[in-house]
$ cat upload02.cif   # mmCIF, C-alpha atoms
data_my_file
loop_
_atom_site.group_PDB
_atom_site.id
_atom_site.type_symbol
_atom_site.label_atom_id
_atom_site.label_comp_id
_atom_site.auth_asym_id
_atom_site.auth_seq_id
_atom_site.Cartn_x
_atom_site.Cartn_y
_atom_site.Cartn_z
ATOM 1 C CA MET B 1 -62.429 35.947 17.417
ATOM 2 C CA GLY B 2 -59.772 34.460 15.199
ATOM 3 C CA GLY B 3 -57.153 34.188 17.946
ATOM 4 C CA VAL B 4 -57.435 37.815 19.021
ATOM 5 C CA THR B 5 -59.240 38.319 22.305
ATOM 6 C CA LEU B 6 -61.237 41.426 22.994
ATOM 7 C CA THR B 7 -58.938 42.383 25.812
ATOM 8 C CA GLN B 8 -56.156 42.740 23.251
ATOM 9 C CA LEU B 9 -58.171 45.183 21.193
ATOM 10 C CA PRO B 10 -57.899 48.398 23.181
ATOM 11 C CA ALA B 11 -54.327 49.287 22.369
ATOM 12 C CA ALA B 12 -52.849 52.646 21.600
ATOM 13 C CA ALA B 13 -53.580 52.519 17.911
ATOM 14 C CA LEU B 14 -55.251 50.478 15.290
ATOM 15 C CA GLY B 15 -52.312 48.259 14.572
ATOM 16 C CA SER B 16 -51.917 44.662 13.550
ATOM 17 C CA HIS B 17 -53.797 42.715 16.247
ATOM 18 C CA GLU B 18 -56.242 45.480 17.079
ATOM 19 C CA GLU B 19 -57.130 46.080 13.459
ATOM 20 C CA THR B 20 -57.636 42.377 12.956
ATOM 21 C CA GLY B 21 -59.871 42.162 16.029
ATOM 22 C CA PHE B 22 -62.006 45.167 15.141
ATOM 23 C CA ALA B 23 -62.238 44.149 11.497
ATOM 24 C CA ASP B 24 -63.253 40.679 12.610
ATOM 25 C CA LEU B 25 -66.052 42.108 14.754
ATOM 26 C CA VAL B 26 -67.238 44.307 11.900
ATOM 27 C CA ARG B 27 -67.291 41.447 9.405
ATOM 28 C CA ARG B 28 -68.937 39.095 11.855
ATOM 29 C CA HIS B 29 -71.742 41.419 12.926
ATOM 30 C CA GLN B 30 -72.247 43.729 9.943
ATOM 31 C CA ALA B 31 -75.311 41.882 8.651
ATOM 32 C CA MET B 32 -76.908 41.882 12.107
ATOM 33 C CA VAL B 33 -76.388 45.610 12.742
ATOM 34 C CA TYR B 34 -77.270 46.625 9.193
ATOM 35 C CA SER B 35 -80.416 44.494 9.207
ATOM 36 C CA ILE B 36 -81.682 45.914 12.484
ATOM 37 C CA ALA B 37 -81.191 49.399 11.054
ATOM 38 C CA TYR B 38 -82.654 48.485 7.681
ATOM 39 C CA HIS B 39 -85.748 46.791 9.061
ATOM 40 C CA PHE B 40 -86.314 49.592 11.555
ATOM 41 C CA LEU B 41 -85.707 52.572 9.243
ATOM 42 C CA GLY B 42 -86.699 50.949 5.954
ATOM 43 C CA ASP B 43 -84.063 52.955 4.112
ATOM 44 C CA PRO B 44 -80.858 51.287 2.854
ATOM 45 C CA ALA B 45 -78.789 54.485 2.806
ATOM 46 C CA LEU B 46 -79.828 55.509 6.322
ATOM 47 C CA ALA B 47 -79.319 51.953 7.520
ATOM 48 C CA GLU B 48 -75.773 51.962 6.181
ATOM 49 C CA GLU B 49 -75.039 55.319 7.825
ATOM 50 C CA LEU B 50 -76.464 54.138 11.140
ATOM 51 C CA ALA B 51 -74.577 50.832 11.001
ATOM 52 C CA GLN B 52 -71.306 52.657 10.332
ATOM 53 C CA ASP B 53 -71.944 54.950 13.301
ATOM 54 C CA VAL B 54 -72.663 51.956 15.531
ATOM 55 C CA PHE B 55 -69.397 50.279 14.562
ATOM 56 C CA LEU B 56 -67.445 53.500 15.115
ATOM 57 C CA GLN B 57 -69.032 53.708 18.547
ATOM 58 C CA LEU B 58 -67.958 50.106 19.076
ATOM 59 C CA PHE B 59 -64.413 51.081 18.148
ATOM 60 C CA HIS B 60 -64.339 53.653 20.947
ATOM 61 C CA HIS B 61 -66.020 51.234 23.323
ATOM 62 C CA LEU B 62 -63.577 48.373 22.716
ATOM 63 C CA PRO B 63 -61.643 48.891 25.986
ATOM 64 C CA ARG B 64 -64.800 48.115 27.950
ATOM 65 C CA LEU B 65 -65.927 44.995 26.119
ATOM 66 C CA GLU B 66 -65.360 41.778 27.992
ATOM 67 C CA SER B 67 -66.212 38.989 25.567
ATOM 68 C CA PRO B 68 -67.456 38.313 22.035
ATOM 69 C CA ARG B 69 -70.960 37.688 23.456
ATOM 70 C CA HIS B 70 -70.791 40.993 25.276
ATOM 71 C CA ALA B 71 -69.787 42.633 21.992
ATOM 72 C CA ALA B 72 -72.751 41.089 20.131
ATOM 73 C CA ASN B 73 -75.245 42.145 22.798
ATOM 74 C CA TRP B 74 -73.685 45.583 23.006
ATOM 75 C CA LEU B 75 -74.007 45.975 19.231
ATOM 76 C CA ARG B 76 -77.665 44.889 19.317
ATOM 77 C CA ARG B 77 -78.489 47.279 22.108
ATOM 78 C CA VAL B 78 -76.675 50.253 20.580
ATOM 79 C CA ALA B 79 -78.110 49.535 17.131
ATOM 80 C CA CYS B 80 -81.623 49.541 18.614
ATOM 81 C CA HIS B 81 -81.147 52.754 20.549
ATOM 82 C CA ARG B 82 -79.422 54.494 17.660
ATOM 83 C CA ALA B 83 -82.211 53.407 15.317
ATOM 84 C CA ILE B 84 -84.780 55.067 17.563
ATOM 85 C CA ASP B 85 -82.614 58.196 17.816
ATOM 86 C CA PHE B 86 -82.112 58.257 14.056
ATOM 87 C CA ALA B 87 -85.806 57.939 13.376
ATOM 88 C CA ARG B 88 -86.681 60.672 15.864
ATOM 89 C CA LYS B 89 -83.996 63.092 14.715
ATOM 90 C CA ARG B 90 -84.914 62.695 11.101
ATOM 91 C CA SER B 91 -88.635 62.604 11.860
ATOM 92 C CA LEU B 92 -88.943 59.428 9.935
ATOM 93 C CA VAL B 93 -92.640 58.957 10.048
ATOM 94 C CA ARG B 94 -93.026 56.019 7.759
ATOM 95 C CA GLU B 95 -95.936 56.447 5.463
ATOM 96 C CA VAL B 96 -96.995 52.909 4.765
ATOM 97 C CA ASP B 97 -98.419 52.977 1.311
ATOM 98 C CA LEU B 98 -99.578 49.421 1.063
ATOM 99 C CA GLY B 99 -101.512 50.115 -2.084
ATOM 100 C CA SER B 100 -98.303 50.662 -3.988
ATOM 101 C CA VAL B 101 -97.248 47.072 -3.530
ATOM 102 C CA PRO B 102 -98.843 44.462 -5.754
ATOM 103 C CA GLU B 103 -101.115 41.923 -4.088
ATOM 104 C CA PRO B 104 -99.143 38.966 -2.766
ATOM 105 C CA SER B 105 -99.948 35.358 -3.335
ATOM 106 C CA ILE B 106 -100.712 33.928 0.102
ATOM 107 C CA ALA B 107 -101.002 30.384 -1.065
ATOM 108 C CA ALA B 108 -97.544 30.319 -2.537
ATOM 109 C CA ALA B 109 -95.402 27.783 -0.777
ATOM 110 C CA GLU B 110 -92.144 29.335 -1.886
ATOM 111 C CA PRO B 111 -90.848 32.537 -0.225
ATOM 112 C CA ASP B 112 -92.699 35.393 -1.820
ATOM 113 C CA PRO B 113 -90.698 38.625 -2.135
ATOM 114 C CA LEU B 114 -93.834 40.749 -2.514
ATOM 115 C CA LEU B 115 -95.445 39.243 0.532
ATOM 116 C CA ASN B 116 -92.219 39.771 2.440
ATOM 117 C CA GLU B 117 -92.109 43.391 1.343
ATOM 118 C CA LYS B 118 -95.682 43.924 2.524
ATOM 119 C CA LEU B 119 -94.896 42.320 5.848
ATOM 120 C CA ARG B 120 -91.818 44.499 6.244
ATOM 121 C CA ARG B 121 -93.984 47.540 5.584
ATOM 122 C CA LEU B 122 -96.488 46.335 8.154
ATOM 123 C CA VAL B 123 -93.661 45.955 10.662
ATOM 124 C CA ALA B 124 -92.436 49.438 9.740
ATOM 125 C CA SER B 125 -95.878 50.805 10.596
ATOM 126 C CA LEU B 126 -95.649 49.566 14.196
ATOM 127 C CA PRO B 127 -94.820 51.927 17.069
ATOM 128 C CA GLU B 128 -91.043 52.111 17.418
ATOM 129 C CA LYS B 129 -90.683 50.016 20.573
ATOM 130 C CA GLN B 130 -92.904 47.252 19.263
ATOM 131 C CA ARG B 131 -91.099 47.415 15.922
ATOM 132 C CA LEU B 132 -87.769 46.861 17.660
ATOM 133 C CA LEU B 133 -89.116 43.939 19.650
ATOM 134 C CA VAL B 134 -90.504 42.291 16.519
ATOM 135 C CA ILE B 135 -87.196 42.783 14.706
ATOM 136 C CA LEU B 136 -85.216 41.283 17.563
ATOM 137 C CA ARG B 137 -87.683 38.417 17.940
ATOM 138 C CA TYR B 138 -87.992 37.431 14.280
ATOM 139 C CA GLN B 139 -84.819 38.738 12.671
ATOM 140 C CA GLU B 140 -82.437 37.894 15.497
ATOM 141 C CA GLU B 141 -84.490 34.920 16.720
ATOM 142 C CA MET B 142 -84.064 36.128 20.275
ATOM 143 C CA GLU B 143 -86.181 34.844 23.127
ATOM 144 C CA PRO B 144 -88.189 37.440 25.107
ATOM 145 C CA ARG B 145 -85.834 36.883 28.038
ATOM 146 C CA GLU B 146 -82.812 37.738 25.866
ATOM 147 C CA ILE B 147 -84.576 40.780 24.424
ATOM 148 C CA ALA B 148 -85.385 41.987 27.927
ATOM 149 C CA GLU B 149 -81.747 41.551 28.887
ATOM 150 C CA VAL B 150 -80.375 43.366 25.848
ATOM 151 C CA LEU B 151 -82.833 46.254 25.934
ATOM 152 C CA LYS B 152 -82.851 46.368 29.742
ATOM 153 C CA MET B 153 -86.621 46.006 29.845
ATOM 154 C CA ARG B 154 -88.794 43.979 32.171
ATOM 155 C CA LEU B 155 -89.630 40.535 30.830
ATOM 156 C CA PRO B 156 -93.429 40.933 31.301
ATOM 157 C CA THR B 157 -93.239 44.234 29.394
ATOM 158 C CA VAL B 158 -91.397 42.574 26.527
ATOM 159 C CA ARG B 159 -93.942 39.749 26.395
ATOM 160 C CA THR B 160 -96.896 42.099 26.522
ATOM 161 C CA GLN B 161 -95.506 44.453 23.897
ATOM 162 C CA LEU B 162 -94.578 41.578 21.605
ATOM 163 C CA SER B 163 -98.012 40.116 21.999
ATOM 164 C CA ARG B 164 -99.645 43.452 21.193
ATOM 165 C CA ALA B 165 -97.365 43.944 18.200
ATOM 166 C CA LEU B 166 -98.230 40.510 16.837
ATOM 167 C CA ALA B 167 -101.937 41.076 17.376
ATOM 168 C CA LEU B 168 -101.692 44.397 15.563
ATOM 169 C CA LEU B 169 -99.735 42.850 12.709
ATOM 170 C CA ARG B 170 -102.245 40.009 12.395
ATOM 171 C CA LYS B 171 -105.105 42.487 12.335
ATOM 172 C CA LYS B 172 -103.464 44.645 9.681
ATOM 173 C CA ALA B 173 -102.462 41.592 7.667
ATOM 174 C CA GLY B 174 -106.041 40.340 7.905
ATOM 175 C CA GLU B 175 -107.334 43.664 6.574
ATOM 176 C CA LEU B 176 -104.713 43.692 3.847
ATOM 177 C CA PHE B 177 -104.778 40.107 2.737
ATOM 178 C CA GLY B 178 -108.438 39.357 3.448
ATOM 179 C CA ALA B 179 -110.116 36.883 5.732
ATOM 180 C CA GLY B 180 -108.055 34.022 4.401
ATOM 181 C CA GLY B 181 -104.842 35.729 5.448
ATOM 182 C CA PHE B 182 -102.865 34.976 8.575
ATOM 183 C CA ARG B 183 -105.488 34.079 11.123
ATOM 184 C CA GLU B 184 -104.662 31.935 14.061
ATOM 185 C CA PRO B 185 -107.570 32.040 16.533
ATOM 186 C CA ALA B 186 -105.961 29.632 19.006
ATOM 187 C CA ARG B 187 -103.164 32.079 19.769
ATOM 188 C CA GLN B 188 -105.158 35.296 19.668
ATOM 189 C CA GLY B 189 -104.419 37.464 22.707
ATOM 190 C CA ARG B 190 -101.908 35.022 24.099
ATOM 191 C CA GLU B 191 -98.568 36.377 25.174
ATOM 192 C CA VAL B 192 -95.462 35.455 23.227
ATOM 193 C CA ASP B 193 -93.486 32.775 25.024
ATOM 194 C CA MET C 1 -94.236 29.533 15.787
ATOM 195 C CA ASP C 2 -97.306 29.636 13.525
ATOM 196 C CA ARG C 3 -97.486 30.364 9.802
ATOM 197 C CA PHE C 4 -97.706 34.116 10.302
ATOM 198 C CA GLU C 5 -94.697 34.149 12.570
ATOM 199 C CA ARG C 6 -92.746 31.957 10.154
ATOM 200 C CA GLN C 7 -93.592 34.401 7.382
ATOM 201 C CA LEU C 8 -92.467 37.292 9.583
ATOM 202 C CA HIS C 9 -89.242 35.478 10.242
ATOM 203 C CA GLN C 10 -88.812 35.011 6.516
ATOM 204 C CA ALA C 11 -89.576 38.672 5.771
ATOM 205 C CA LEU C 12 -87.222 39.931 8.479
ATOM 206 C CA ARG C 13 -84.275 37.691 7.706
ATOM 207 C CA ARG C 14 -80.886 39.328 7.848
ATOM 208 C CA VAL C 15 -79.679 41.171 4.790
ATOM 209 C CA ASP C 16 -76.092 41.921 3.924
ATOM 210 C CA PRO C 17 -74.966 45.534 3.796
ATOM 211 C CA PRO C 18 -73.758 46.910 0.465
ATOM 212 C CA PRO C 19 -70.363 45.644 -0.771
ATOM 213 C CA GLY C 20 -67.425 47.509 0.751
ATOM 214 C CA PHE C 21 -69.291 48.278 3.979
ATOM 215 C CA ALA C 22 -66.765 46.621 6.307
ATOM 216 C CA GLU C 23 -63.830 48.237 4.525
ATOM 217 C CA ALA C 24 -65.482 51.656 4.783
ATOM 218 C CA VAL C 25 -66.063 51.189 8.523
ATOM 219 C CA ILE C 26 -62.529 49.982 9.156
ATOM 220 C CA GLY C 27 -61.184 52.897 7.113
ATOM 221 C CA ARG C 28 -63.216 55.393 9.143
ATOM 222 C CA ALA C 29 -62.111 53.776 12.405
ATOM 223 C CA ALA C 30 -58.457 53.991 11.349
ATOM 224 C CA ALA C 31 -58.885 57.730 10.837
ATOM 225 C CA GLU C 32 -60.536 58.200 14.264
ATOM 226 C CA PRO C 33 -58.579 59.261 17.378
ATOM 227 C CA LYS C 34 -57.281 56.340 19.389
ATOM 228 C CA PRO C 35 -59.582 54.817 21.988
ATOM 229 C CA GLY C 36 -57.982 55.534 25.329
ATOM 230 C CA ARG C 37 -58.538 56.455 28.928
ATOM 231 C CA TRP C 38 -59.379 60.119 28.356
ATOM 232 C CA ARG C 39 -61.527 59.324 25.371
ATOM 233 C CA GLY C 40 -63.354 56.859 27.593
ATOM 234 C CA LEU C 41 -63.835 59.522 30.223
ATOM 235 C CA ALA C 42 -65.156 61.894 27.598
ATOM 236 C CA GLY C 43 -67.491 59.162 26.451
ATOM 237 C CA ILE C 44 -69.209 59.269 29.831
ATOM 238 C CA PHE C 45 -70.533 62.701 28.949
ATOM 239 C CA GLN C 46 -71.750 61.562 25.549
ATOM 240 C CA MET C 47 -74.318 59.096 26.910
ATOM 241 C CA PRO C 48 -77.687 60.732 27.549
ATOM 242 C CA ALA C 49 -78.386 58.952 30.852
ATOM 243 C CA ARG C 50 -74.915 59.644 32.203
ATOM 244 C CA ARG C 51 -75.065 63.193 30.898
ATOM 245 C CA TRP C 52 -78.202 63.743 32.987
ATOM 246 C CA ALA C 53 -76.592 62.097 35.995
ATOM 247 C CA VAL C 54 -73.483 64.257 35.673
ATOM 248 C CA ALA C 55 -75.622 67.377 35.208
ATOM 249 C CA THR C 56 -77.708 66.469 38.277
ATOM 250 C CA VAL C 57 -74.628 65.868 40.429
ATOM 251 C CA ALA C 58 -73.065 69.109 39.173
ATOM 252 C CA GLY C 59 -76.286 70.955 39.989
ATOM 253 C CA LEU C 60 -76.402 69.483 43.487
ATOM 254 C CA VAL C 61 -72.752 70.371 44.084
ATOM 255 C CA LEU C 62 -73.449 73.926 42.894
ATOM 256 C CA LEU C 63 -76.496 74.254 45.168
ATOM 257 C CA ALA C 64 -74.532 72.821 48.087
ATOM 258 C CA GLY C 65 -71.739 75.319 47.393
ATOM 259 C CA ILE C 66 -74.158 78.229 47.285
ATOM 260 C CA GLY C 67 -75.819 77.039 50.497
ATOM 261 C CA TYR C 68 -72.461 76.631 52.232
ATOM 262 C CA GLU C 69 -71.348 80.124 51.194
ATOM 263 C CA ARG C 70 -74.625 81.654 52.434
ATOM 264 C CA GLU C 71 -74.287 79.843 55.765
ATOM 265 C CA MET C 72 -70.704 81.060 56.140
ATOM 266 C CA ARG C 73 -71.780 84.647 55.387
ATOM 267 C CA ARG C 74 -74.638 84.374 57.886
ATOM 268 C CA ARG C 75 -72.265 83.147 60.596
ATOM 269 C CA GLN C 76 -69.758 85.901 59.771
ATOM 270 C CA GLY C 77 -72.569 88.458 59.984
ATOM 271 C CA GLU C 78 -73.712 87.103 63.350
ATOM 272 C CA LEU C 79 -70.146 87.176 64.663
ATOM 273 C CA ALA C 80 -69.630 90.752 63.438
ATOM 274 C CA SER C 81 -72.886 91.958 65.008
ATOM 275 C CA ARG C 82 -71.964 90.236 68.309
ATOM 276 C CA GLN C 83 -68.588 91.981 68.228
ATOM 277 C CA VAL C 84 -70.226 95.367 67.567
ATOM 278 C CA ILE C 85 -72.693 94.847 70.453
ATOM 279 C CA GLU C 86 -69.853 93.775 72.741
ATOM 280 C CA ALA C 87 -67.811 96.843 71.716
ATOM 281 C CA LEU C 88 -70.811 99.099 72.391
ATOM 282 C CA GLU C 89 -71.332 97.488 75.791
ATOM 283 C CA ILE C 90 -67.674 98.030 76.681
ATOM 284 C CA THR C 91 -67.896 101.629 75.474
ATOM 285 C CA ALA C 92 -71.051 102.227 77.513
ATOM 286 C CA GLU C 93 -69.390 100.769 80.603
ATOM 287 C CA GLN C 94 -66.328 103.014 80.115
ATOM 288 C CA PHE C 95 -68.640 105.969 79.604
ATOM 289 C CA GLN C 96 -70.414 105.224 82.897
ATOM 290 C CA ILE C 97 -67.080 105.020 84.742
ATOM 291 C CA ALA C 98 -65.983 108.334 83.245
ATOM 292 C CA ARG C 99 -69.336 109.920 84.120
ATOM 293 C CA ARG C 100 -69.090 108.762 87.734
ATOM 294 C CA HIS C 101 -65.525 110.090 87.900
ATOM 295 C CA VAL C 102 -66.636 113.487 86.566
ATOM 296 C CA GLN C 103 -69.515 113.590 89.066
ATOM 297 C CA ARG C 104 -67.100 112.865 91.930
ATOM 298 C CA LEU C 105 -64.739 115.608 90.735
ATOM 299 C CA SER C 106 -67.636 118.041 90.388
ATOM 300 C CA ALA C 107 -68.712 117.286 93.959
ATOM 301 C CA VAL C 108 -65.175 117.881 95.236
ATOM 302 C CA TRP C 109 -64.920 121.184 93.336
ATOM 303 C CA GLU C 110 -68.276 122.350 94.621
ATOM 304 C CA THR C 111 -67.243 121.531 98.216
ATOM 305 C CA ALA C 112 -63.913 123.311 97.763
ATOM 306 C CA GLY C 113 -65.714 126.376 96.255
ATOM 307 C CA GLU C 114 -68.120 126.643 99.157
ATOM 308 C CA GLY C 115 -65.194 126.441 101.649
ATOM 309 C CA SER C 116 -63.264 129.278 99.971
ATOM 310 C CA GLN C 117 -66.371 131.539 99.926
ATOM 311 C CA GLN C 118 -66.740 131.119 103.659
#
$ encode --input "upload02.cif" --output "structure tokens"
Amino acid sequence: MGGVTLTQLPAAALGSHEETGFADLVRRHQAMVYSIAYHFLGDPALAEELAQDVFLQLFHHLPRLESPRHAANWLRRVACHRAIDFARKRSLVREVDLGSVPEPSIAAAEPDPLLNEKLRRLVASLPEKQRLLVILRYQEEMEPREIAEVLKMRLPTVRTQLSRALALLRKKAGELFGAGGFREPARQGREVD
Amino acid sequence: MDRFERQLHQALRRVDPPPGFAEAVIGRAAAEPKPGRWRGLAGIFQMPARRWAVATVAGLVLLAGIGYEREMRRRQGELASRQVIEALEITAEQFQIARRHVQRLSAVWETAGEGSQQ
């Protein structure tokens, strides 16, 4: 936290130390919050608006934050809940038009932006809870136990939902990319560890 | 993590917000009212779960208040009716005494009337 503890942040006004502390939190976590919003909503402008709202909420919540880790988890949780609220309020039913994206090259060893875009669209087509779990698992590299803690869900529920989400994604990817796509029979139906 | 999951990880890697994002947030925060005790208290009512909890508690308090008032009115009504019955009983008793007194006086007058006729 650059020498400024979180307990120093909730002062009467945004002044020297407090501004530094809040600004530090914003700069440190902006990519995380923005990415959760972006991958969930699929809209850069909405993602930016949501991320700004989350950080403003953080600003008002500063007096109750206990540690940098608490701040990070709080931001993840609020970003997730706000993303769901945003999507519901704006009736963001994502129409996944996979035909509009050119066919990706599966065999390419290098990261393929088109393939990534198709995968992001597949993720965007998931039910909202499963979408969030996939984002936290693969964007934030969180373990199911951590996800359960942050989202205040039961661990078996997280595992089951993640497993279902992955199975659904594999199925859709198989339909989209053909039989040679992303099959992995050994793990089919197994829960995510 | 298999190939599909690695590809998912690759597709969902973090992306940076547009340039100037942090500055915009900090600018908006600087223009916001200060975070403080009363703001924190107000924040309680802004959270959906807590809002429901507060509404439920308020509803229960209201129902309890209404129930208490009804009970008090019922007791006051019972007390008033007991007092009316008691007053009527006392009045009836006084009436009986007066009636007996009048009967005694009537008997005396009748006796005195018969004596003067003789």
$ residues_around --input "upload02.cif" --residues "Met142 of chain B" --least-positions-apart "6" --cutoff "12 Å" --atoms "all atoms listed in the file" --output "PyMOL selection string"
(chain B and resi 73+76+132-136+148-151+158+162+192-193) or (chain C and resi 9)
$ resolve_selection --input "upload02.cif" --expression "the PyMOL selection byres ((chain B) within 7 of (chain C))" --output "count of residues only"
26
$ residues_around --input "upload02.cif" --residues "segment 79-92 of chain B" --least-positions-apart "6" --cutoff "9 Å" --atoms "only C-alpha atoms" --output "PyMOL selection string"
chain B and resi 33-34+36-37+40-41+46-47+50-51+53-54+128-129+132+151
$ atom_distance --input "upload02.cif" --atom1 "atom CA of Gln130 of chain B" --atom2 "atom CA of Pro144 of chain B"
12.4 Å
$ atom_distance --input "upload02.cif" --atom1 "atom CA of Arg28 of chain B" --atom2 "atom CA of Gly42 of chain B"
22.2 Å
$ atom_distance --input "upload02.cif" --atom1 "atom CA of Arg77 of chain B" --atom2 "atom CA of Gln161 of chain B"
17.3 Å
$ axis_aligned_box --input "upload02.cif" --around "segment 45-52 of chain B" --padding-each-side "8 Å" --output "AutoDock Vina command-line options"
--center_x -75.6 --center_y 53.2 --center_z 7.0 --size_x 24.5 --size_y 20.7 --size_z 24.3
$ residues_around --input "upload02.cif" --residues "Ala71 of chain B" --least-positions-apart "4" --cutoff "9 Å" --atoms "all atoms listed in the file" --output "list in words"
Leu6, Leu25, Leu58, Leu62, Leu65, Glu66, Ser67, Leu75 and Arg76 of chain B
$ build_atoms --input "upload02.cif" --residues "segment 8-22 of chain C" --atoms "N, CA and C atoms" --output "JSON list (two decimals), keeping the file's coordinate frame"
[["chain", "number", "residue", "atom", "x", "y", "z"],
["C", 8, "LEU", "N", -93.16, 36.11, 9.05],
["C", 8, "LEU", "CA", -92.47, 37.29, 9.58],
["C", 8, "LEU", "C", -90.97, 37.05, 9.65],
["C", 9, "HIS", "N", -90.64, 35.88, 10.14],
["C", 9, "HIS", "CA", -89.24, 35.48, 10.24],
["C", 9, "HIS", "C", -88.58, 35.51, 8.87],
["C", 10, "GLN", "N", -89.32, 35.04, 7.89],
["C", 10, "GLN", "CA", -88.81, 35.01, 6.52],
["C", 10, "GLN", "C", -88.63, 36.45, 5.99],
["C", 11, "ALA", "N", -89.63, 37.29, 6.27],
["C", 11, "ALA", "CA", -89.58, 38.67, 5.77],
["C", 11, "ALA", "C", -88.48, 39.49, 6.45],
["C", 12, "LEU", "N", -88.20, 39.14, 7.72],
["C", 12, "LEU", "CA", -87.22, 39.93, 8.48],
["C", 12, "LEU", "C", -85.86, 39.24, 8.57],
["C", 13, "ARG", "N", -85.59, 38.36, 7.64],
["C", 13, "ARG", "CA", -84.28, 37.69, 7.71],
["C", 13, "ARG", "C", -83.18, 38.74, 7.48],
["C", 14, "ARG", "N", -82.00, 38.39, 7.98],
["C", 14, "ARG", "CA", -80.89, 39.33, 7.85],
["C", 14, "ARG", "C", -80.54, 39.59, 6.39],
["C", 15, "VAL", "N", -80.15, 40.82, 6.13],
["C", 15, "VAL", "CA", -79.68, 41.17, 4.79],
["C", 15, "VAL", "C", -78.26, 41.72, 4.91],
["C", 16, "ASP", "N", -77.47, 41.45, 3.91],
["C", 16, "ASP", "CA", -76.09, 41.92, 3.92],
["C", 16, "ASP", "C", -76.05, 43.41, 3.56],
["C", 17, "PRO", "N", -75.13, 44.13, 4.19],
["C", 17, "PRO", "CA", -74.97, 45.53, 3.80],
["C", 17, "PRO", "C", -74.36, 45.61, 2.40],
["C", 18, "PRO", "N", -74.33, 46.80, 1.81],
["C", 18, "PRO", "CA", -73.76, 46.91, 0.46],
["C", 18, "PRO", "C", -72.29, 46.49, 0.45],
["C", 19, "PRO", "N", -71.78, 46.04, -0.69],
["C", 19, "PRO", "CA", -70.36, 45.64, -0.77],
["C", 19, "PRO", "C", -69.46, 46.81, -0.36],
["C", 20, "GLY", "N", -68.38, 46.48, 0.34],
["C", 20, "GLY", "CA", -67.42, 47.51, 0.75],
["C", 20, "GLY", "C", -67.77, 48.16, 2.08],
["C", 21, "PHE", "N", -68.86, 47.68, 2.71],
["C", 21, "PHE", "CA", -69.29, 48.28, 3.98],
["C", 21, "PHE", "C", -68.21, 48.12, 5.05],
["C", 22, "ALA", "N", -67.75, 46.88, 5.25],
["C", 22, "ALA", "CA", -66.76, 46.62, 6.31],
["C", 22, "ALA", "C", -65.50, 47.44, 6.08]]
